[in-house]
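The data block below is entry-v4.cif; it holds mmCIF, C-alpha atoms.
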data_coords
#
loop_
_atom_site.label_atom_id
_atom_site.label_comp_id
_atom_site.auth_asym_id
_atom_site.auth_seq_id
_atom_site.Cartn_x
_atom_site.Cartn_y
_atom_site.Cartn_z
CA MET G 1 -121.93 -44.23 -9.01
CA GLY G 2 -125.49 -44.76 -10.12
CA PHE G 3 -126.27 -41.36 -11.53
CA ARG G 4 -126.18 -40.89 -15.28
CA VAL G 5 -125.25 -37.30 -16.13
CA THR G 6 -127.30 -36.67 -19.24
CA GLU G 7 -127.23 -33.36 -21.01
CA GLN G 8 -130.52 -32.38 -19.40
CA ALA G 9 -129.27 -33.33 -15.94
CA TYR G 10 -126.09 -31.37 -16.52
CA LEU G 11 -128.01 -28.26 -17.52
CA VAL G 12 -130.37 -28.58 -14.55
CA MET G 13 -127.42 -28.89 -12.17
CA LEU G 14 -125.82 -25.87 -13.78
CA ALA G 15 -129.04 -23.90 -13.39
CA LEU G 16 -129.19 -24.80 -9.70
CA ALA G 17 -125.51 -24.07 -9.11
CA GLU G 18 -125.90 -20.35 -9.50
CA GLU G 19 -128.74 -19.94 -7.00
CA PRO G 20 -131.67 -21.94 -5.63
CA ARG G 21 -134.49 -21.99 -8.14
CA HIS G 22 -138.00 -23.29 -8.42
CA GLY G 23 -139.27 -25.46 -11.26
CA TYR G 24 -140.23 -22.69 -13.63
CA GLY G 25 -137.00 -20.85 -12.94
CA VAL G 26 -134.99 -23.98 -13.78
CA VAL G 27 -136.84 -24.44 -17.05
CA GLN G 28 -136.19 -20.84 -18.05
CA GLU G 29 -132.54 -20.95 -17.02
CA VAL G 30 -131.92 -24.21 -18.89
CA ARG G 31 -133.42 -22.64 -21.96
CA THR G 32 -131.14 -19.63 -21.61
CA LEU G 33 -128.05 -21.73 -20.96
CA SER G 34 -128.66 -23.86 -24.03
CA ASP G 35 -129.49 -20.89 -26.29
CA GLY G 36 -133.08 -21.99 -26.59
CA ARG G 37 -132.21 -25.48 -27.74
CA VAL G 38 -133.27 -27.49 -24.69
CA ARG G 39 -136.83 -26.89 -23.60
CA LEU G 40 -137.73 -29.01 -20.58
CA GLY G 41 -141.28 -30.18 -20.02
CA ALA G 42 -142.66 -30.68 -16.55
CA GLY G 43 -142.33 -34.45 -16.82
CA THR G 44 -138.68 -34.41 -17.85
CA LEU G 45 -137.85 -31.74 -15.29
CA TYR G 46 -139.30 -33.73 -12.41
CA GLY G 47 -137.63 -36.85 -13.70
CA VAL G 48 -134.26 -35.13 -13.49
CA LEU G 49 -135.01 -33.43 -10.18
CA ASP G 50 -136.21 -36.66 -8.57
CA ARG G 51 -133.05 -38.45 -9.66
CA LEU G 52 -130.89 -35.60 -8.39
CA VAL G 53 -132.63 -35.55 -5.03
CA ASP G 54 -132.42 -39.35 -4.73
CA ALA G 55 -128.69 -39.21 -5.41
CA ARG G 56 -128.37 -36.37 -2.86
CA TYR G 57 -126.99 -34.00 -5.46
CA ALA G 58 -129.85 -31.56 -4.95
CA GLU G 59 -132.32 -30.85 -2.19
CA ALA G 60 -135.50 -28.91 -1.64
CA SER G 61 -134.80 -25.68 0.12
CA GLY G 62 -138.11 -24.09 0.96
CA GLU G 63 -141.54 -23.26 -0.38
CA VAL G 64 -143.23 -20.03 -1.23
CA VAL G 65 -146.93 -19.69 -1.89
CA VAL G 66 -147.73 -17.03 -4.47
CA ASP G 67 -151.33 -16.45 -5.56
CA GLY G 68 -152.34 -19.81 -4.17
CA ARG G 69 -149.65 -21.54 -6.19
CA VAL G 70 -146.93 -23.47 -4.45
CA ARG G 71 -143.38 -22.87 -5.57
CA ARG G 72 -140.80 -25.20 -4.12
CA TYR G 73 -137.18 -24.11 -4.42
CA TYR G 74 -134.32 -26.51 -5.08
CA ARG G 75 -130.62 -26.08 -4.58
CA LEU G 76 -127.49 -28.03 -5.31
CA THR G 77 -125.74 -29.85 -2.46
CA ASP G 78 -121.98 -29.94 -1.98
CA ASP G 79 -121.87 -33.38 -3.57
CA GLY G 80 -123.79 -32.01 -6.50
CA HIS G 81 -121.33 -29.16 -6.82
CA SER G 82 -118.36 -31.50 -7.00
CA VAL G 83 -120.09 -33.72 -9.54
CA LEU G 84 -120.89 -30.66 -11.64
CA THR G 85 -117.30 -29.44 -11.45
CA ALA G 86 -115.93 -32.85 -12.42
CA GLU G 87 -118.33 -33.13 -15.33
CA THR G 88 -117.44 -29.63 -16.52
CA ARG G 89 -113.77 -30.49 -16.44
CA ARG G 90 -114.47 -33.66 -18.41
CA LEU G 91 -116.36 -31.70 -21.04
CA ALA G 92 -113.61 -29.09 -21.25
CA ASP G 93 -110.97 -31.80 -21.75
CA LEU G 94 -113.10 -33.40 -24.41
CA ALA G 95 -113.56 -30.08 -26.21
CA ARG G 96 -109.84 -29.42 -26.12
CA ARG G 97 -109.05 -32.84 -27.50
CA ALA G 98 -111.67 -32.35 -30.20
CA GLN G 99 -110.11 -29.06 -31.22
CA GLN G 100 -106.70 -30.73 -31.50
CA VAL G 101 -108.16 -33.42 -33.72
CA LEU G 102 -109.94 -30.89 -35.91
CA ALA G 103 -106.91 -28.61 -36.18
CA GLN G 104 -104.80 -31.34 -37.79
CA PRO G 105 -104.53 -31.16 -41.56
CA SER G 106 -107.02 -33.66 -42.90
CA ARG G 107 -105.55 -36.98 -43.96
CA PRO G 108 -106.53 -38.32 -47.37
CA ARG G 109 -109.63 -40.37 -46.79
CA PRO G 110 -109.78 -43.89 -48.25
CA ALA G 111 -111.86 -44.30 -51.35
CA LEU G 112 -115.14 -45.96 -50.61
CA GLY G 113 -115.26 -48.20 -53.63
CA GLY G 114 -116.93 -47.83 -56.94
CA ALA G 115 -115.02 -46.89 -59.99
CA MET Q 1 -184.87 -20.62 -1.64
CA ARG Q 2 -181.93 -18.77 -3.06
CA ARG Q 3 -180.14 -20.49 -5.86
CA VAL Q 4 -176.41 -20.50 -5.35
CA HIS Q 5 -174.66 -19.52 -8.56
CA ARG Q 6 -171.24 -21.04 -8.91
CA SER Q 7 -169.01 -18.60 -10.72
CA ARG Q 8 -167.57 -19.94 -13.92
CA PRO Q 9 -164.16 -21.45 -13.38
CA THR Q 10 -161.35 -19.22 -14.41
CA GLU Q 11 -158.88 -20.30 -17.00
CA ALA Q 12 -156.24 -20.94 -14.37
CA GLU Q 13 -158.61 -23.16 -12.42
CA ARG Q 14 -159.45 -25.14 -15.54
CA LEU Q 15 -155.77 -25.59 -16.29
CA ASP Q 16 -155.11 -26.61 -12.72
CA ARG Q 17 -157.83 -29.24 -12.85
CA SER Q 18 -156.56 -30.54 -16.15
CA ALA Q 19 -153.03 -30.67 -14.78
CA ARG Q 20 -154.09 -32.57 -11.67
CA ARG Q 21 -156.05 -35.03 -13.75
CA TRP Q 22 -153.01 -35.91 -15.83
CA LEU Q 23 -150.75 -35.94 -12.79
CA ARG Q 24 -152.59 -39.09 -11.74
CA ALA Q 25 -150.05 -40.94 -13.86
CA TYR Q 26 -147.70 -40.46 -10.90
CA PRO Q 27 -147.97 -42.71 -7.85
CA PRO Q 28 -150.24 -41.47 -5.02
CA ARG Q 29 -147.41 -40.96 -2.54
CA TRP Q 30 -145.56 -38.78 -5.07
CA ARG Q 31 -148.73 -36.79 -5.66
CA ARG Q 32 -149.29 -36.17 -1.97
CA GLU Q 33 -145.96 -34.37 -1.78
CA ARG Q 34 -145.45 -32.84 -5.20
CA ALA Q 35 -148.84 -32.41 -6.91
CA ASP Q 36 -149.21 -28.80 -5.77
CA GLU Q 37 -145.86 -27.61 -7.09
CA ALA Q 38 -146.20 -29.72 -10.24
CA ALA Q 39 -149.65 -28.33 -11.00
CA ALA Q 40 -148.35 -24.79 -10.47
CA LEU Q 41 -145.47 -25.45 -12.86
CA LEU Q 42 -147.78 -26.93 -15.49
CA VAL Q 43 -150.07 -23.92 -15.28
CA ASP Q 44 -147.07 -21.59 -15.62
CA LEU Q 45 -145.71 -23.49 -18.60
CA ALA Q 46 -149.01 -23.66 -20.45
CA ALA Q 47 -149.58 -21.25 -23.28
CA PRO Q 48 -151.66 -18.28 -22.22
CA GLY Q 49 -155.30 -18.63 -23.13
CA SER Q 50 -155.35 -22.41 -23.15
CA ARG Q 51 -157.89 -24.25 -21.06
CA ARG Q 52 -156.31 -27.69 -21.17
CA LEU Q 53 -152.81 -29.08 -21.30
CA ASP Q 54 -151.53 -29.67 -24.80
CA VAL Q 55 -150.81 -33.13 -26.16
CA ARG Q 56 -147.02 -32.91 -25.94
CA THR Q 57 -147.10 -31.93 -22.29
CA VAL Q 58 -149.60 -34.66 -21.51
CA ALA Q 59 -147.54 -37.29 -23.29
CA GLY Q 60 -144.38 -36.22 -21.44
CA LEU Q 61 -146.22 -36.14 -18.14
CA VAL Q 62 -147.78 -39.58 -18.50
CA ALA Q 63 -144.46 -41.07 -19.61
CA ALA Q 64 -142.63 -39.48 -16.68
CA GLY Q 65 -145.35 -40.60 -14.27
CA TRP Q 66 -145.10 -44.20 -15.35
CA ARG Q 67 -141.31 -44.03 -15.28
CA THR Q 68 -141.54 -42.82 -11.69
CA ARG Q 69 -143.86 -45.71 -10.84
CA LEU Q 70 -141.44 -48.18 -12.36
CA ARG Q 71 -138.47 -46.60 -10.64
CA THR Q 72 -140.02 -46.66 -7.17
CA ARG Q 73 -141.41 -50.18 -7.40
CA PRO Q 74 -139.75 -53.20 -5.79
CA PRO Q 75 -138.01 -55.61 -8.15
CA ALA Q 76 -140.20 -58.00 -10.10
CA ARG Q 77 -139.51 -61.08 -7.99
CA VAL Q 78 -140.44 -59.21 -4.81
CA VAL Q 79 -143.70 -58.09 -6.40
CA LEU Q 80 -144.46 -61.62 -7.60
CA ALA Q 81 -143.72 -63.11 -4.19
CA TYR Q 82 -146.05 -60.54 -2.67
CA ARG Q 83 -148.89 -61.08 -5.11
CA LEU Q 84 -148.75 -64.86 -5.32
CA ALA Q 85 -147.41 -65.89 -1.93
CA GLY Q 86 -148.39 -62.91 0.19
CA ARG Q 87 -144.83 -62.25 1.31
CA ARG Q 88 -144.45 -58.69 2.57
CA PRO Q 89 -141.80 -56.63 0.72
CA PRO Q 90 -138.91 -55.11 2.73
CA THR Q 91 -139.66 -51.98 4.74
CA ALA Q 92 -137.92 -49.79 2.16
CA TYR Q 93 -140.98 -50.36 -0.05
CA ASP Q 94 -143.55 -49.55 2.62
CA GLY Q 95 -144.71 -46.51 0.65
CA TRP Q 96 -145.35 -48.63 -2.41
CA LEU Q 97 -147.10 -51.24 -0.32
CA ARG Q 98 -149.35 -48.70 1.30
CA ASP Q 99 -150.31 -47.20 -2.06
CA ASP Q 100 -151.01 -50.69 -3.36
CA VAL Q 101 -153.36 -51.63 -0.50
CA GLU Q 102 -155.12 -48.27 -0.54
CA GLY Q 103 -155.48 -48.23 -4.33
CA LEU Q 104 -158.75 -48.47 -6.21
CA LEU Q 105 -158.01 -51.80 -7.88
CA TYR Q 106 -156.44 -53.41 -4.84
CA PRO Q 107 -159.18 -56.04 -4.37
CA LEU Q 108 -158.55 -57.25 -7.91
CA ARG Q 109 -154.80 -57.25 -7.43
CA ALA Q 110 -155.11 -59.10 -4.14
CA GLU Q 111 -156.99 -61.90 -5.86
CA GLY Q 112 -154.68 -61.77 -8.82
CA SER Q 113 -153.29 -65.21 -8.17
CA THR Q 114 -156.77 -66.68 -8.35
CA LEU Q 115 -157.49 -64.83 -11.54
CA VAL Q 116 -154.24 -65.65 -13.26
CA VAL Q 117 -153.64 -69.19 -12.06
CA GLY Q 118 -156.72 -70.73 -10.48
CA ILE Q 119 -159.44 -69.84 -12.92
CA PRO Q 120 -157.62 -70.53 -16.21
CA THR Q 121 -156.45 -73.86 -14.81
CA SER Q 122 -159.94 -74.87 -13.80
CA VAL Q 123 -161.42 -73.79 -17.11
CA ALA Q 124 -158.67 -75.59 -19.03
CA VAL Q 125 -159.19 -78.79 -17.02
CA MET Q 126 -162.93 -78.64 -17.54
CA THR Q 127 -162.54 -78.01 -21.26
CA LEU Q 128 -160.08 -80.87 -21.62
CA LEU Q 129 -162.33 -83.22 -19.69
CA SER Q 130 -165.32 -82.18 -21.76
CA ALA Q 131 -163.45 -83.37 -24.84
CA THR Q 132 -163.96 -86.89 -23.51
CA GLY Q 133 -167.63 -86.20 -23.37
CA TRP Q 134 -168.27 -86.41 -19.67
CA PRO Q 135 -168.95 -82.81 -18.62
CA SER Q 136 -171.20 -81.50 -21.33
CA ARG Q 137 -170.48 -78.16 -22.88
CA ASP Q 138 -173.29 -76.67 -20.89
CA ALA Q 139 -171.68 -77.98 -17.73
CA VAL Q 140 -168.41 -76.29 -18.70
CA VAL Q 141 -170.22 -73.03 -19.28
CA GLY Q 142 -172.03 -73.42 -15.97
CA GLY Q 143 -168.75 -74.19 -14.26
CA THR Q 144 -167.14 -71.08 -15.70
CA VAL Q 145 -170.05 -68.93 -14.58
CA PHE Q 146 -169.74 -70.43 -11.12
CA LEU Q 147 -166.00 -69.66 -11.06
CA VAL Q 148 -166.59 -66.06 -12.10
CA GLY Q 149 -169.19 -65.67 -9.38
CA TRP Q 150 -166.87 -67.19 -6.81
CA PHE Q 151 -164.06 -64.89 -7.91
CA THR Q 152 -166.35 -61.89 -7.57
CA TRP Q 153 -167.20 -62.94 -4.03
CA LEU Q 154 -163.49 -63.26 -3.20
CA VAL Q 155 -162.88 -59.76 -4.53
CA VAL Q 156 -165.72 -58.39 -2.43
CA GLN Q 157 -164.21 -60.10 0.63
CA GLN Q 158 -160.88 -58.41 -0.09
CA TYR Q 159 -162.64 -55.11 -0.26
CA ARG Q 160 -164.32 -55.64 3.07
CA ARG Q 161 -161.17 -56.81 4.78
CA ARG Q 162 -159.03 -54.01 3.42
CA ALA Q 163 -159.24 -51.73 6.46
CA GLN Q 164 -158.22 -54.57 8.78
CA HIS Q 165 -155.42 -55.56 6.43
CA LEU Q 166 -154.12 -51.97 6.47
CA ALA Q 167 -154.19 -51.98 10.26
CA ASP Q 168 -152.33 -55.30 10.33
CA LEU Q 169 -149.63 -53.97 8.05
CA PHE Q 170 -149.20 -50.47 9.36
CA GLY Q 171 -150.84 -50.33 12.74
CA PRO Q 172 -154.19 -48.75 13.60
CA PRO Q 173 -154.99 -45.51 11.81
CA VAL Q 174 -154.09 -42.30 13.57
CA ARG Q 175 -157.25 -40.57 14.65
CA ASP Q 176 -157.79 -36.96 15.44
CA GLU Q 177 -159.95 -37.40 18.52
CA ILE Q 178 -158.27 -37.69 21.89
CA GLY Q 179 -160.25 -40.72 22.98
CA HIS Q 180 -161.09 -41.79 26.47
CA PHE Q 181 -159.08 -40.43 29.32
CA GLY Q 182 -157.35 -43.07 31.36
CA PRO Q 183 -157.03 -43.04 35.14
CA TYR Q 184 -155.14 -40.09 36.51
CA VAL Q 185 -151.43 -40.63 36.92
CA GLY Q 186 -149.78 -38.01 39.08
CA LEU Q 187 -146.68 -36.20 37.96
CA ASP Q 188 -145.13 -36.35 41.41
CA ALA Q 189 -142.19 -38.65 41.95
CA PRO Q 190 -143.02 -42.00 43.58
CA PRO Q 191 -142.55 -41.95 47.36
CA ALA Q 192 -138.89 -42.37 48.32
CA ARG Q 193 -137.97 -45.34 50.50
CA ASP Q 194 -135.98 -44.66 53.68
CA ALA Q 195 -133.29 -46.85 55.18
CA GLU Q 196 -135.73 -49.27 56.78
CA GLY Q 197 -137.23 -49.95 53.41
CA THR Q 198 -140.65 -48.62 54.26
CA ALA Q 199 -142.11 -46.08 51.96
CA ARG Q 200 -142.34 -42.66 53.45
CA ARG Q 201 -145.89 -41.71 52.94
CA ARG Q 202 -146.40 -38.06 52.47
CA TRP Q 203 -150.05 -37.73 51.65
CA THR Q 204 -151.86 -39.94 54.04
CA ALA Q 205 -153.86 -38.36 56.81
CA PRO Q 206 -152.04 -38.08 60.16
CA ARG Q 207 -152.69 -41.11 62.35
CA ASP Q 208 -153.86 -39.18 65.33
CA GLY Q 209 -157.03 -38.31 63.55
CA ARG Q 210 -156.23 -34.63 63.24
CA GLY Q 211 -157.19 -32.93 60.06
CA ASP Q 212 -160.24 -34.07 58.30
CA ARG Q 213 -159.20 -32.23 55.23
#
How does this structure look as structure tokens?
Amino acid sequence: MGFRVTEQAYLVMLALAEEPRHGYGVVQEVRTLSDGRVRLGAGTLYGVLDRLVDARYAEASGEVVVDGRVRRYYRLTDDGHSVLTAETRRLADLARRAQQVLAQPSRPRPALGGA
Amino acid sequence: MRRVHRSRPTEAERLDRSARRWLRAYPPRWRRERADEAAALLVDLAAPGSRRLDVRTVAGLVAAGWRTRLRTRPPARVVLAYRLAGRRPPTAYDGWLRDDVEGLLYPLRAEGSTLVVGIPTSVAVMTLLSATGWPSRDAVVGGTVFLVGWFTWLVVQQYRRRAQHLADLFGPPVRDEIGHFGPYVGLDAPPARDAEGTARRRWTAPRDGRGDR
């Protein structure tokens, strides 16, 4: 268990889960999934992709040359799928617990000193 | 003589060159595989109309490149053992080793132990001794100049021996040319041996002298 699922890694895995994508497609999809909040640069994207490929959660799945530019596609492996599912379940549980906490009537908070 | 006019580089070509320049932060073996797709991505991500990568992208790229170098390097003690004692790292790090030997600053790195240990020690000893008056200050300066010259010669030797060192580590380089042909070796099976143990010769001329051909 060496792989740290950061928010960026989670979004990249989610982007790859739907269909194989190339780098630019992943960046766009992550931006859509996060409502424009997370904008990946090339450096961060390749950092995440390299870690995913090293951990065998993703793999390269073919190259297409368009206009002299190389586009390499990546896809999620089965291991990556299960990790993504487990992480999604963990987040859902956390969200549910958070809603329970927030739904409780607020307890009187202790005074923080001063007169 | 006709002058050849090189057409002005397009914006995409300028961006591509800028991208590849900054991608040098990544290790050479990473670049050999990924530089093309990374440069294409950087060109796609750049704002339209720009001729160079912007500062934020460059900063992120350089940081990621150095993080990749750190991540794919052997642990510090392995690197130290290699640099100071010449002990070859495990085969898992062959890619790193190859990049190290083929790198531009390899001759300096290879003599790193001399630079870091030998020379400062010698200079320190000379300086300490000169405090007692025996080697004059000029002698210390002369000694330091001599050491620097000697170190330069060692570095040049590393440079000259690099190709042989690469061959020792990784075997002779693969060449494109076929090379000399060796003697012909037929594809036919070797002659079978019959029960008496004598080889049945199929291609020798008949003993009665028939058949010159």
Taking a cut-off of 6 Å and counting all atoms listed in the file, can you build a table that, for each residue of chain Q near chain G, reports the nearest atom pair and how far apart they are in Å (one decimal), sorted by chain then residue number, as CSV?
residue,atom,partner,partner_atom,distance
Q:Asp36,CA,G:Val70,CA,5.9
Q:Glu37,CA,G:Val70,CA,5.0
Q:Ala40,CA,G:Arg69,CA,5.5
Q:Leu41,CA,G:Tyr24,CA,6.0
Q:Gly60,CA,G:Gly43,CA,5.4
Q:Leu61,CA,G:Gly43,CA,4.4
Q:Ala64,CA,G:Gly43,CA,5.0
Picked residues, the PyMOL selection byres ((chain G and resi 5) around 12), expected as a list in words:
Met1, Gly2, Phe3, Arg4, Thr6, Glu7, Gln8, Ala9, Tyr10, Leu11, Val12, Met13, Leu14, Val48, Arg51, Leu52, Ala55, Tyr57, Gly80, Val83, Leu84, Ala86, Glu87, Thr88, Arg90 and Leu91 of chain G
Go ahead and save the picked residues with C-alpha atoms, as a JSON list (two decimals), in the frame of the given file.
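Final output, saved to part26.json:
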[["chain", "number", "residue", "atom", "x", "y", "z"],
["G", 1, "MET", "CA", -121.93, -44.23, -9.01],
["G", 2, "GLY", "CA", -125.49, -44.76, -10.12],
["G", 3, "PHE", "CA", -126.27, -41.36, -11.53],
["G", 4, "ARG", "CA", -126.18, -40.89, -15.28],
["G", 6, "THR", "CA", -127.30, -36.67, -19.24],
["G", 7, "GLU", "CA", -127.23, -33.36, -21.01],
["G", 8, "GLN", "CA", -130.52, -32.38, -19.40],
["G", 9, "ALA", "CA", -129.27, -33.33, -15.94],
["G", 10, "TYR", "CA", -126.09, -31.37, -16.52],
["G", 11, "LEU", "CA", -128.01, -28.26, -17.52],
["G", 12, "VAL", "CA", -130.37, -28.58, -14.55],
["G", 13, "MET", "CA", -127.42, -28.89, -12.17],
["G", 14, "LEU", "CA", -125.82, -25.87, -13.78],
["G", 48, "VAL", "CA", -134.26, -35.13, -13.49],
["G", 51, "ARG", "CA", -133.05, -38.45, -9.66],
["G", 52, "LEU", "CA", -130.89, -35.60, -8.39],
["G", 55, "ALA", "CA", -128.69, -39.21, -5.41],
["G", 57, "TYR", "CA", -126.99, -34.00, -5.46],
["G", 80, "GLY", "CA", -123.79, -32.01, -6.50],
["G", 83, "VAL", "CA", -120.09, -33.72, -9.54],
["G", 84, "LEU", "CA", -120.89, -30.66, -11.64],
["G", 86, "ALA", "CA", -115.93, -32.85, -12.42],
["G", 87, "GLU", "CA", -118.33, -33.13, -15.33],
["G", 88, "THR", "CA", -117.44, -29.63, -16.52],
["G", 90, "ARG", "CA", -114.47, -33.66, -18.41],
["G", 91, "LEU", "CA", -116.36, -31.70, -21.04]]
On this structure, which residues satisfy the PyMOL selection byres ((chain Q and resi 119-127) around 10), written as a PDB file with C-alpha atoms, in the frame of the given file?
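The new file selection-v9.pdb reads:
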ATOM      1  CA  SER Q 113    -153.290 -65.210  -8.170  1.00  0.00           C
ATOM      2  CA  THR Q 114    -156.770 -66.680  -8.350  1.00  0.00           C
ATOM      3  CA  LEU Q 115    -157.490 -64.830 -11.540  1.00  0.00           C
ATOM      4  CA  VAL Q 116    -154.240 -65.650 -13.260  1.00  0.00           C
ATOM      5  CA  VAL Q 117    -153.640 -69.190 -12.060  1.00  0.00           C
ATOM      6  CA  GLY Q 118    -156.720 -70.730 -10.480  1.00  0.00           C
ATOM      7  CA  LEU Q 128    -160.080 -80.870 -21.620  1.00  0.00           C
ATOM      8  CA  LEU Q 129    -162.330 -83.220 -19.690  1.00  0.00           C
ATOM      9  CA  SER Q 130    -165.320 -82.180 -21.760  1.00  0.00           C
ATOM     10  CA  ALA Q 131    -163.450 -83.370 -24.840  1.00  0.00           C
ATOM     11  CA  THR Q 132    -163.960 -86.890 -23.510  1.00  0.00           C
ATOM     12  CA  GLY Q 133    -167.630 -86.200 -23.370  1.00  0.00           C
ATOM     13  CA  TRP Q 134    -168.270 -86.410 -19.670  1.00  0.00           C
ATOM     14  CA  PRO Q 135    -168.950 -82.810 -18.620  1.00  0.00           C
ATOM     15  CA  SER Q 136    -171.200 -81.500 -21.330  1.00  0.00           C
ATOM     16  CA  ARG Q 137    -170.480 -78.160 -22.880  1.00  0.00           C
ATOM     17  CA  ALA Q 139    -171.680 -77.980 -17.730  1.00  0.00           C
ATOM     18  CA  VAL Q 140    -168.410 -76.290 -18.700  1.00  0.00           C
ATOM     19  CA  VAL Q 141    -170.220 -73.030 -19.280  1.00  0.00           C
ATOM     20  CA  GLY Q 143    -168.750 -74.190 -14.260  1.00  0.00           C
ATOM     21  CA  THR Q 144    -167.140 -71.080 -15.700  1.00  0.00           C
ATOM     22  CA  LEU Q 147    -166.000 -69.660 -11.060  1.00  0.00           C
ATOM     23  CA  VAL Q 148    -166.590 -66.060 -12.100  1.00  0.00           C
ATOM     24  CA  TRP Q 150    -166.870 -67.190  -6.810  1.00  0.00           C
ATOM     25  CA  PHE Q 151    -164.060 -64.890  -7.910  1.00  0.00           C
TER      26      PHE Q 151
END
Selection dump of the PyMOL selection byres ((chain Q and resi 12-20) around 10), as number ranges by chain
G: 69; Q: 8-11, 21-25, 31, 35-36, 38-44, 46, 48-53, 57-58, 61
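Note that atom CA of Gln158 of chain Q and atom CA of Pro107 of chain Q are 5.2 Å apart.
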To one decimal place, how far is atom CA of Arg75 of chain G from atom CA of Pro20 of chain G in Å?
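Interatomic distance, atom CA of Arg75 of chain G to atom CA of Pro20 of chain G: 4.4 Å.
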Kindly indicate which residue among Q:Asp176, Q:Ala63, Q:Phe170, Q:Tyr106 lies nearest to Val156 of chain Q, using all atoms listed in the file for the distances.
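That would be Q:Tyr106, the residue with the smallest distance to Val156 of chain Q.
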Provide the atom CA of Asp99 of chain Q to atom CA of Ala81 of chain Q distance in Å, to one decimal place.
17.4 Å
Selected residue, from Q:Arg98, Q:His180, Q:Arg83, Q:Arg73, that lies nearest to His165 of chain Q when counting all atoms listed in the file:
Q:Arg98
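Closest approach to Ala60 of chain G among G:Leu16, G:Ala103, G:Arg39, G:Val30 is made by G:Leu16 (distances from all atoms listed in the file).
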10 Å contact set for Leu97 of chain Q, only C-alpha atoms, chain neighbours under 4 positions out, as an NGL selection string:
:Q and (73-74 or 79 or 82 or 88-93 or 101-103 or 166 or 169-170)
